[in-house]
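Here is protein.txt, consisting of compact mmCIF, C-alpha atoms:
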```txt
# COMPACT_ATOMS: atom_id res chain seq x y z
CA MET A 18 -81.43 1.50 -1.91
CA ILE A 19 -79.43 2.04 1.30
CA ALA A 20 -81.53 5.08 2.22
CA PHE A 21 -84.69 3.08 1.60
CA LEU A 22 -83.50 0.27 3.88
CA ILE A 23 -82.66 2.77 6.62
CA ILE A 24 -86.12 4.25 6.38
CA VAL A 25 -87.67 0.77 6.56
CA TYR A 26 -85.50 -0.12 9.55
CA VAL A 27 -86.45 3.04 11.45
CA ALA A 28 -90.12 2.51 10.64
CA ILE A 29 -89.99 -1.05 11.96
CA VAL A 30 -88.37 0.14 15.18
CA LEU A 31 -91.01 2.84 15.68
CA VAL A 32 -93.82 0.39 15.06
CA LEU A 33 -92.41 -2.14 17.48
CA PHE A 34 -91.73 0.23 20.37
CA LYS A 35 -94.19 3.09 19.84
CA VAL A 36 -97.25 1.50 18.26
CA LEU A 37 -97.15 -2.10 19.45
CA ARG A 38 -95.48 -0.96 22.70
CA ILE A 39 -93.18 -3.97 22.91
CA LYS A 40 -91.29 -3.88 26.18
CA PRO A 41 -87.60 -3.07 25.46
CA THR A 42 -86.13 -6.09 27.24
CA ALA A 43 -82.44 -6.86 27.26
CA TYR A 44 -82.54 -9.53 24.56
CA VAL A 45 -84.65 -7.32 22.25
CA ILE A 46 -82.17 -4.48 22.57
CA ALA A 47 -79.23 -6.83 22.14
CA ALA A 48 -80.76 -8.20 18.96
CA MET A 49 -81.28 -4.74 17.46
CA ILE A 50 -78.16 -2.82 18.39
CA VAL A 51 -74.81 -3.47 16.80
CA ALA A 52 -71.81 -3.25 19.13
CA GLY A 53 -68.21 -2.38 18.29
CA VAL A 54 -65.67 -5.16 18.00
CA PHE A 55 -61.91 -5.47 17.70
CA MET A 56 -59.56 -8.34 16.89
CA ILE A 57 -57.85 -9.94 19.91
CA GLY A 58 -56.48 -13.12 18.39
CA GLY A 59 -52.95 -11.84 17.94
CA VAL A 60 -50.98 -11.94 21.16
CA VAL A 61 -48.57 -9.03 20.90
CA VAL A 62 -45.40 -9.81 22.82
CA VAL A 63 -42.65 -7.36 23.70
CA TRP A 64 -39.91 -9.69 22.61
CA THR A 65 -36.77 -9.92 24.77
CA PRO A 66 -34.13 -12.64 24.81
CA TYR A 67 -33.68 -15.06 27.71
CA VAL A 68 -29.89 -14.69 27.60
CA LYS A 69 -27.67 -11.76 26.80
CA GLY A 70 -25.15 -11.55 24.02
CA GLN A 71 -24.32 -10.14 20.62
CA VAL A 72 -26.52 -10.96 17.65
CA LYS A 73 -24.62 -13.36 15.38
CA ALA A 74 -27.22 -13.92 12.64
CA ILE A 75 -30.71 -12.66 11.78
CA TYR A 76 -33.15 -14.90 9.92
CA ALA A 77 -36.52 -13.17 10.35
CA GLN A 78 -37.64 -10.17 8.37
CA ALA A 79 -40.14 -7.60 9.61
CA LEU A 80 -43.76 -8.45 8.69
CA GLN A 81 -42.66 -11.75 7.15
CA PRO A 82 -45.11 -14.57 8.08
CA MET A 83 -43.42 -17.27 10.12
CA LYS A 84 -44.42 -20.64 11.51
CA LYS A 85 -44.07 -21.71 15.12
CA GLY A 86 -40.54 -22.90 15.86
CA GLU A 87 -38.83 -21.15 12.94
CA LEU A 88 -35.53 -19.44 13.72
CA LEU A 89 -35.76 -15.67 14.27
CA LEU A 90 -32.19 -14.82 15.19
CA GLU A 91 -29.14 -16.32 16.84
CA ILE A 92 -27.06 -14.85 19.66
CA ASP A 93 -23.33 -15.62 19.67
CA PRO A 94 -23.25 -18.98 21.52
CA ALA A 95 -19.48 -19.03 22.25
CA PRO A 96 -19.65 -17.91 25.94
CA TYR A 97 -22.41 -20.42 26.65
CA GLU A 98 -20.55 -23.20 24.83
CA TYR A 99 -17.54 -22.53 27.06
CA THR A 100 -19.76 -22.79 30.12
CA VAL A 101 -21.23 -26.08 28.90
CA LYS A 102 -17.75 -27.55 28.31
CA GLN A 103 -16.56 -26.36 31.73
CA VAL A 104 -19.54 -27.90 33.54
CA GLU A 105 -19.21 -31.10 31.49
CA ALA A 106 -15.61 -31.35 32.72
CA GLN A 107 -16.81 -30.79 36.30
CA LEU A 108 -19.40 -33.52 35.85
CA ALA A 109 -16.79 -35.92 34.50
CA THR A 110 -14.59 -35.15 37.52
CA SER A 111 -17.49 -35.68 39.91
CA LYS A 112 -18.34 -39.04 38.35
CA ALA A 113 -14.66 -40.06 38.47
CA ASN A 114 -14.60 -39.12 42.16
CA VAL A 115 -17.61 -41.34 42.71
CA LYS A 116 -15.89 -44.30 41.02
CA GLN A 117 -12.72 -43.66 43.05
CA ALA A 118 -14.70 -43.46 46.29
CA GLU A 119 -16.60 -46.65 45.41
CA ALA A 120 -13.31 -48.43 44.71
CA ALA A 121 -11.96 -47.25 48.08
CA LEU A 122 -15.16 -48.48 49.75
CA ALA A 123 -14.78 -51.89 48.10
CA THR A 124 -11.20 -52.11 49.38
CA ALA A 125 -12.25 -51.02 52.87
CA ASN A 126 -15.11 -53.51 52.93
CA ALA A 127 -12.73 -56.28 51.87
CA ALA A 128 -10.32 -55.32 54.67
CA VAL A 129 -12.97 -55.88 57.35
CA PRO A 130 -13.28 -59.68 56.92
CA ASN A 131 -9.49 -59.95 56.55
CA SER A 132 -8.98 -58.12 59.85
CA GLN A 133 -11.66 -60.27 61.44
CA ALA A 134 -9.86 -63.39 60.20
CA ASN A 135 -6.62 -62.09 61.70
CA LEU A 136 -8.44 -61.54 64.97
CA ASP A 137 -9.81 -65.07 64.96
CA LYS A 138 -6.32 -66.41 64.23
CA ALA A 139 -4.80 -64.30 67.00
CA LYS A 140 -7.46 -65.51 69.45
CA ALA A 141 -6.72 -69.13 68.57
CA ALA A 142 -2.99 -68.58 69.04
CA ASP A 143 -3.69 -66.83 72.33
CA GLU A 144 -5.78 -69.74 73.55
CA LEU A 145 -2.97 -72.13 72.62
CA ALA A 146 -0.39 -69.96 74.40
CA LYS A 147 -2.58 -69.81 77.50
CA THR A 148 -2.96 -73.59 77.47
CA GLN A 149 0.78 -74.15 77.12
CA GLU A 150 1.48 -71.67 79.91
CA GLN A 151 -1.03 -73.38 82.19
CA ILE A 152 0.52 -76.79 81.48
CA ALA A 153 3.99 -75.46 82.31
CA LEU A 154 2.74 -73.92 85.57
CA ASN A 155 0.95 -77.14 86.58
CA ILE A 156 4.10 -79.20 85.99
CA GLN A 157 6.14 -76.72 88.00
CA ARG A 158 3.68 -76.93 90.90
CA ALA A 159 3.77 -80.72 90.83
CA ASP A 160 7.53 -81.10 90.52
CA LYS A 161 9.83 -78.14 90.19
CA ALA A 162 12.56 -80.40 88.90
CA ALA A 163 10.37 -81.70 86.04
CA ILE A 164 10.53 -78.41 84.11
CA SER A 165 13.03 -75.67 84.07
CA GLN A 166 12.22 -72.13 85.13
CA LEU A 167 13.33 -70.99 81.70
CA ASN A 168 10.64 -73.02 79.97
CA VAL A 169 7.97 -71.65 82.31
CA ALA A 170 9.12 -68.12 81.63
CA LYS A 171 9.15 -68.82 77.90
CA ALA A 172 5.53 -70.11 78.01
CA THR A 173 4.43 -67.01 79.95
CA GLN A 174 6.18 -64.73 77.46
CA GLU A 175 4.53 -66.47 74.52
CA ARG A 176 1.13 -66.11 76.20
CA GLU A 177 1.74 -62.40 76.77
CA GLN A 178 2.74 -61.98 73.15
CA ALA A 179 -0.42 -63.80 72.07
CA ASP A 180 -2.52 -61.49 74.29
CA ALA A 181 -0.87 -58.48 72.68
CA ALA A 182 -1.51 -59.93 69.22
CA VAL A 183 -5.21 -60.31 70.08
CA GLN A 184 -5.43 -56.68 71.22
CA GLN A 185 -3.67 -55.60 68.04
CA ALA A 186 -6.05 -57.69 65.92
CA VAL A 187 -9.04 -56.16 67.74
CA ALA A 188 -7.67 -52.71 66.97
CA GLY A 189 -7.25 -53.77 63.37
CA VAL A 190 -10.89 -54.83 63.14
CA VAL A 191 -12.04 -51.52 64.66
CA GLN A 192 -9.81 -49.58 62.30
CA ALA A 193 -11.04 -51.55 59.27
CA GLN A 194 -14.68 -50.97 60.23
CA ALA A 195 -14.02 -47.26 60.73
CA SER A 196 -12.27 -47.08 57.37
CA ALA A 197 -15.26 -48.77 55.74
CA GLN A 198 -17.64 -46.28 57.34
CA GLN A 199 -15.48 -43.37 56.23
CA ALA A 200 -15.31 -44.79 52.71
CA ALA A 201 -19.12 -45.17 52.64
CA ALA A 202 -19.51 -41.55 53.76
CA ALA A 203 -17.04 -40.45 51.06
CA VAL A 204 -19.11 -42.30 48.46
CA GLN A 205 -22.27 -40.49 49.62
CA VAL A 206 -20.51 -37.12 49.47
CA ALA A 207 -19.16 -37.87 45.99
CA GLN A 208 -22.55 -39.08 44.77
CA SER A 209 -24.34 -36.05 46.20
CA SER A 210 -22.20 -33.69 44.14
CA VAL A 211 -23.19 -35.33 40.85
CA PRO A 212 -26.89 -34.19 40.77
CA ALA A 213 -25.84 -30.61 41.56
CA VAL A 214 -23.35 -30.57 38.70
CA GLU A 215 -25.87 -32.27 36.40
CA ALA A 216 -28.37 -29.50 37.24
CA GLN A 217 -25.72 -26.90 36.42
CA LEU A 218 -25.08 -28.65 33.12
CA GLN A 219 -28.79 -28.69 32.28
CA ASP A 220 -28.98 -24.98 33.05
CA ALA A 221 -25.90 -24.29 30.92
CA ARG A 222 -27.32 -26.30 28.02
CA PHE A 223 -30.67 -24.52 28.36
CA ASN A 224 -28.94 -21.14 28.18
CA LEU A 225 -27.01 -22.33 25.13
CA ALA A 226 -30.25 -23.41 23.45
CA GLN A 227 -31.76 -19.97 24.14
CA CYS A 228 -29.12 -18.42 21.88
CA LYS A 229 -31.36 -19.56 19.03
CA MET A 230 -34.53 -17.55 19.37
CA LEU A 231 -37.55 -19.28 17.84
CA ALA A 232 -40.97 -18.03 16.87
CA PRO A 233 -43.34 -18.78 19.81
CA GLY A 234 -46.23 -19.34 17.40
CA ASP A 235 -47.49 -18.56 13.93
CA GLY A 236 -47.09 -14.85 13.33
CA TYR A 237 -44.64 -12.19 12.36
CA VAL A 238 -42.18 -9.70 13.82
CA VAL A 239 -42.80 -5.96 13.85
CA ASN A 240 -40.69 -3.10 15.17
CA TRP A 241 -37.53 -5.10 14.40
CA GLN A 242 -34.71 -3.30 16.24
CA VAL A 243 -31.71 -5.60 15.77
CA GLN A 244 -28.81 -6.02 13.41
CA ILE A 245 -25.62 -8.08 13.36
CA GLY A 246 -23.57 -7.15 16.43
CA THR A 247 -26.47 -5.71 18.45
CA MET A 248 -26.10 -6.48 22.16
CA LEU A 249 -29.28 -8.04 23.52
CA VAL A 250 -30.10 -8.33 27.21
CA PRO A 251 -33.05 -10.05 28.96
CA ALA A 252 -34.84 -6.84 29.95
CA PRO A 253 -38.19 -5.43 28.69
CA ILE A 254 -36.65 -1.97 28.31
CA ALA A 255 -34.29 -3.37 25.65
CA ALA A 256 -36.71 -5.37 23.50
CA ALA A 257 -35.40 -6.75 20.22
CA GLY A 258 -38.79 -6.28 18.63
CA THR A 259 -42.46 -7.18 18.88
CA PHE A 260 -43.84 -10.58 17.85
CA VAL A 261 -47.48 -10.81 16.83
CA ASN A 262 -48.94 -14.29 17.39
CA VAL A 263 -51.79 -15.07 14.99
CA SER A 264 -52.17 -18.77 15.82
CA ASP A 265 -55.51 -18.18 17.56
CA THR A 266 -57.51 -15.29 16.10
CA ALA A 267 -60.72 -14.27 17.82
CA VAL A 268 -62.89 -11.20 18.34
CA ALA A 269 -63.77 -9.27 21.46
CA ALA A 270 -67.12 -7.48 21.29
CA VAL A 271 -68.03 -4.96 23.98
CA PHE A 272 -71.63 -4.72 25.21
CA PRO A 273 -73.45 -3.08 28.14
CA GLN A 274 -73.90 -5.61 30.89
CA ASN A 275 -77.69 -5.82 30.79
CA TRP A 276 -77.64 -6.64 27.07
CA LEU A 277 -75.83 -9.89 27.83
CA ALA A 278 -78.53 -11.38 30.04
CA ASN A 279 -79.46 -14.01 27.44
CA VAL A 280 -76.15 -14.45 25.67
CA GLU A 281 -74.80 -17.99 25.94
CA PRO A 282 -71.79 -19.85 24.52
CA GLY A 283 -72.58 -21.12 21.04
CA ASN A 284 -74.91 -18.27 20.04
CA ASP A 285 -74.58 -17.31 16.38
CA VAL A 286 -72.81 -14.05 15.56
CA GLU A 287 -72.60 -11.93 12.41
CA MET A 288 -69.78 -9.41 12.12
CA VAL A 289 -68.67 -6.59 9.86
CA LEU A 290 -65.04 -5.47 10.02
CA ASN A 291 -64.07 -1.98 8.92
CA PRO A 292 -61.18 -2.96 6.60
CA TYR A 293 -63.46 -5.30 4.64
CA PRO A 294 -66.48 -3.40 3.22
CA GLY A 295 -69.19 -5.59 1.74
CA ARG A 296 -68.07 -8.73 3.63
CA LEU A 297 -70.01 -10.48 6.37
CA PHE A 298 -68.16 -12.72 8.81
CA LEU A 299 -69.79 -15.50 10.81
CA GLY A 300 -68.88 -16.66 14.29
CA LYS A 301 -69.98 -18.24 17.55
CA VAL A 302 -69.95 -16.88 21.09
CA ASP A 303 -67.14 -18.53 23.03
CA TYR A 304 -67.79 -16.99 26.43
CA VAL A 305 -68.62 -13.75 28.18
CA ILE A 306 -65.71 -12.28 30.12
CA ALA A 307 -67.72 -11.70 33.29
CA ALA A 308 -65.37 -9.18 34.85
CA THR A 309 -64.53 -5.55 34.27
CA GLY A 310 -61.76 -3.23 35.35
CA GLY A 311 -64.23 -1.34 37.49
CA GLY A 312 -64.09 -4.21 39.99
CA GLN A 313 -60.34 -4.11 40.38
CA PHE A 314 -58.52 -2.26 43.16
CA THR A 315 -54.88 -1.69 43.94
CA THR A 316 -54.01 -2.97 47.41
CA SER A 317 -53.33 -0.09 49.78
CA GLY A 318 -54.06 1.12 53.28
CA THR A 319 -56.68 3.56 52.02
CA ILE A 320 -60.37 2.74 52.37
CA PRO A 321 -62.04 2.85 48.92
CA ASN A 322 -63.94 6.07 48.34
CA ALA A 323 -67.32 5.62 46.70
CA ALA A 324 -66.76 8.74 44.60
CA ARG A 325 -63.64 7.19 43.10
CA ILE A 326 -65.22 3.85 42.23
CA GLY A 327 -66.24 3.98 38.61
CA SER A 328 -67.15 1.54 35.86
CA ASP A 329 -68.12 2.03 32.24
CA GLY A 330 -70.58 -0.83 32.67
CA LEU A 331 -69.26 -2.75 29.68
CA TYR A 332 -68.44 -6.44 29.42
CA ALA A 333 -66.46 -8.13 26.69
CA VAL A 334 -67.56 -11.21 24.77
CA ARG A 335 -65.06 -13.50 23.07
CA ILE A 336 -66.23 -14.61 19.65
CA ASN A 337 -64.60 -17.33 17.56
CA PHE A 338 -64.75 -17.23 13.78
CA THR A 339 -66.65 -20.06 12.13
CA ASP A 340 -64.00 -20.31 9.40
CA ARG A 341 -60.54 -20.42 11.02
CA ALA A 342 -58.82 -20.16 7.64
CA VAL A 343 -60.51 -16.82 6.98
CA ALA A 344 -59.72 -15.59 10.46
CA SER A 345 -55.97 -16.20 10.05
CA LYS A 346 -55.88 -13.83 7.04
CA LEU A 347 -57.61 -10.86 8.68
CA SER A 348 -55.92 -7.70 9.90
CA LEU A 349 -55.40 -7.71 13.65
CA GLY A 350 -56.68 -4.72 15.56
CA SER A 351 -59.56 -4.20 13.14
CA GLY A 352 -62.63 -2.36 14.36
CA GLY A 353 -66.16 -3.19 13.34
CA SER A 354 -69.60 -4.24 14.43
CA ALA A 355 -71.17 -7.46 15.67
CA THR A 356 -74.65 -8.79 16.26
CA ILE A 357 -75.34 -11.72 18.62
CA TYR A 358 -78.46 -13.81 17.98
CA THR A 359 -79.68 -15.23 21.27
CA ASN A 360 -82.22 -18.04 21.70
CA LYS A 361 -84.90 -15.55 22.73
CA GLY A 362 -86.66 -12.91 20.68
CA LYS A 363 -85.96 -14.74 17.42
CA ALA A 364 -88.79 -12.86 15.70
CA THR A 365 -86.75 -9.66 15.92
CA HIS A 366 -83.55 -11.17 14.54
CA VAL A 367 -84.49 -10.05 11.05
CA ILE A 368 -84.08 -6.42 12.12
CA SER A 369 -80.52 -7.03 13.29
CA LYS A 370 -79.77 -8.98 10.11
CA VAL A 371 -80.92 -6.05 7.99
CA ALA A 372 -78.95 -3.58 10.09
CA ILE A 373 -75.68 -5.53 9.99
CA ARG A 374 -75.95 -5.96 6.23
CA MET A 375 -76.61 -2.24 5.80
CA LYS A 376 -73.48 -1.60 7.84
CA LYS A 377 -71.23 -3.68 5.57
CA TRP A 378 -72.31 -1.69 2.50
CA LEU A 379 -72.14 1.67 4.25
CA LEU A 380 -68.44 1.03 4.90
CA TYR A 381 -67.82 1.75 1.21
CA VAL A 382 -68.88 5.38 1.64
CA MET A 383 -68.59 6.16 5.36
CA PRO A 384 -65.26 6.42 7.25
CA SER A 385 -64.69 3.79 9.90
CA VAL A 386 -62.63 6.16 12.07
CA GLU A 387 -63.62 9.67 13.09
CA LYS A 388 -61.47 12.41 11.68
CA PRO A 389 -59.56 14.45 14.27
CA SER A 390 -61.06 17.86 15.00
```
In structure tokens, how does this file's structure come out?
Amino acid sequence: MIAFLIIVYVAIVLVLFKVLRIKPTAYVIAAMIVAGVFMIGGVVVVWTPYVKGQVKAIYAQALQPMKKGELLLEIDPAPYEYTVKQVEAQLATSKANVKQAEAALATANAAVPNSQANLDKAKAADELAKTQEQIALNIQRADKAAISQLNVAKATQEREQADAAVQQAVAGVVQAQASAQQAAAAVQVAQSSVPAVEAQLQDARFNLAQCKMLAPGDGYVVNWQVQIGTMLVPAPIAAAGTFVNVSDTAVAAVFPQNWLANVEPGNDVEMVLNPYPGRLFLGKVDYVIAATGGGQFTTSGTIPNAARIGSDGLYAVRINFTDRAVASKLSLGSGGSATIYTNKGKATHVISKVAIRMKKWLLYVMPSVEKPS
């Protein structure tokens, strides 16, 4: 039956292109030729810790399916707990310093009106002393016998003392105002230290939380290289293992660029995957990755040489499975074939449908990977 279908398929192709002389446009070719595909849904991550330390407990097993957020392993948190406690103590001290500085500012602010009141009182006493001195001097000028020289001298002395008291009160006001300004500056300094210590505490708590390494998504761990007591460091050269993320499984199909002229997002796709003979998978075009490594250059002082510029002329198409539940159970890295059905040349789609269905049955008898020579 398979041989018969192949013969029919070849005959149809010959009739279309040799007898009817249909022009081999891009969409016709794309509809008739099956391109290779591979699974790209699993994001393979070389898994390294954010913090360093000895492994205290291991919860994940190699190739064991895990859900996002489940605990993989735990690094000994003791050093990071000590850091958190130390910074918490620093934060408490900083906040206490702020309260102390604010209390000193309140005292200094209260001293300003008190010193001002003392100044007002000293000025009033000075005015009284000046008045009494002036009265004594006027009496002396009018009649020296009316007042003794001792009383005049006493009035002058009291006025001088009152003047000195005013100057002292003025100095007290200046000093109180300066103390208030210094106390306000001390409050600002104390308050400014709190955010810095709070940031240190957040960083310390973050590092402590990183001691519990969680699954970044649905998937599983492979190449598990840790055991209790293993020293882990945040460096790619010392990876603890590899985590395969299967939360978003898709397919990348590679086509020559001119075959994609009519491919649009939403086009129907039929796929055959090598590990699953006899099964046909359905999907939709997500988008064409309109870039290729041939257009990428490493920055240097050398002018690009045309002889060294090369491209395989292939573009990748991302394809989403129609049934997400089926996609999550497939083997990542699978090879296979895919056919995209564009909105043009629909009359020829039947040829591609026959070819892709022949391919799924041929997988039972034909190897999907070439044997090494």
Considering all atoms listed in the file, state which residue in the set A:Gln199, A:Asn279, A:Asn114, A:Gln157 is at the smallest distance from Gly362 (chain A).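 Among the listed residues, A:Asn279 lies closest to Gly362 (chain A).
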So what do you get for CA of Glu287 (chain A) versus CA of Thr309 (chain A), distance-wise? 24.2 Å
For region 99-103 of chain A, work out the shell of residues within 10 Å, counting all atoms listed in the file and skipping chain neighbours fewer than 2 positions away, then give it as a list in words.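 Answer for this query is Pro94, Ala95, Pro96, Tyr97, Glu105, Ala106, Gln107, Leu108, Ala109, Gln217, Leu218, Gln219, Asp220, Ala221, Arg222, Phe223, Asn224 and Leu225 of chain A.
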Point-to-point distance in Å for CA of Met248 (chain A) and CA of Ala79 (chain A):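 One can read the CA of Ala79 (chain A) to CA of Met248 (chain A) distance as 18.9 Å.
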CA of Asn275 (chain A) to CA of Phe298 (chain A): how many Å, to one decimal?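 CA of Phe298 (chain A) lies 24.9 Å from CA of Asn275 (chain A).
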Select all residues near (-24.2, -14.5, 19.0) (cut-off 10 Å, inclusive, file coordinates), counting all atoms listed in the file, and output them as a list of chain:residue names. A:Lys69, A:Gly70, A:Gln71, A:Val72, A:Lys73, A:Ala74, A:Ile75, A:Leu90, A:Glu91, A:Ile92, A:Asp93, A:Pro94, A:Ala95, A:Pro96, A:Tyr97, A:Cys228, A:Lys229, A:Ile245, A:Gly246, A:Thr247, A:Met248, A:Leu249
Check which residues of region 250-285 of chain A sit at most 10 Å from region 335-338 of chain A using all atoms listed in the file, and return one row each with the closest pair of atoms and their distance in Å to one decimal, ordered by chain and rising number, as JSON lines.
```
{"residue": "A:Asp265", "atom": "CA", "partner": "A:Asn337", "partner_atom": "CA", "distance": 9.1}
{"residue": "A:Thr266", "atom": "CA", "partner": "A:Asn337", "partner_atom": "CA", "distance": 7.5}
{"residue": "A:Ala267", "atom": "CA", "partner": "A:Asn337", "partner_atom": "CA", "distance": 4.9}
{"residue": "A:Val268", "atom": "CA", "partner": "A:Ile336", "partner_atom": "CA", "distance": 4.9}
{"residue": "A:Ala269", "atom": "CA", "partner": "A:Arg335", "partner_atom": "CA", "distance": 4.7}
{"residue": "A:Ala270", "atom": "CA", "partner": "A:Arg335", "partner_atom": "CA", "distance": 6.6}
{"residue": "A:Val271", "atom": "CA", "partner": "A:Arg335", "partner_atom": "CA", "distance": 9.1}
{"residue": "A:Pro282", "atom": "CA", "partner": "A:Ile336", "partner_atom": "CA", "distance": 9.1}
{"residue": "A:Gly283", "atom": "CA", "partner": "A:Ile336", "partner_atom": "CA", "distance": 9.2}
{"residue": "A:Asn284", "atom": "CA", "partner": "A:Ile336", "partner_atom": "CA", "distance": 9.4}
{"residue": "A:Asp285", "atom": "CA", "partner": "A:Ile336", "partner_atom": "CA", "distance": 9.4}
```
Kindly list the centre and edge lengths in Å, rounded to one decimal, for the axis-aligned box that covers all listed atoms of region 249-268 of chain A plus 4 Å on each of its six sides, as JSON.
```
{"center_x": -46.1, "center_y": -10.4, "center_z": 22.5, "size_x": 41.6, "size_y": 24.8, "size_z": 23.0}
```
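The closest residue to Tyr358 (chain A), picked from A:Asn322, A:Val68, A:Thr339, A:Gly300 and counting only C-alpha atoms, is A:Gly300.
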Test item: residues at most 10 Å from Ala195 (chain A), all atoms listed in the file, excluding those fewer than 5 positions along its chain, as a ChimeraX atom specification: /A:125,129,189-190,200-201
Neighbouring residues of Val115 (chain A) were defined as those with any atom within 8 Å, considering all atoms listed in the file; residues of the same chain fewer than 4 positions away were excluded. Please report them as a PDB file with C-alpha atoms, in the coordinates of the input.
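Wrote it out as around_15.pdb, contents follow:
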```pdb
ATOM      1  CA  SER A 111     -17.490 -35.680  39.910  1.00  0.00           C
ATOM      2  CA  GLU A 119     -16.600 -46.650  45.410  1.00  0.00           C
ATOM      3  CA  VAL A 204     -19.110 -42.300  48.460  1.00  0.00           C
ATOM      4  CA  ALA A 207     -19.160 -37.870  45.990  1.00  0.00           C
ATOM      5  CA  GLN A 208     -22.550 -39.080  44.770  1.00  0.00           C
TER       6      GLN A 208
END
```
Pick the closest to Val243 (chain A) from A:Ala170, A:Leu89, A:Val187, A:Met375: which is it, counting only C-alpha atoms?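 So, comparing all the options, the nearest one is A:Leu89.
The smallest atom-to-atom distance between Leu88 (chain A) and any of A:Val371, A:Ala252, A:Ala232, A:Leu380, using all atoms listed in the file, is found for A:Ala232.
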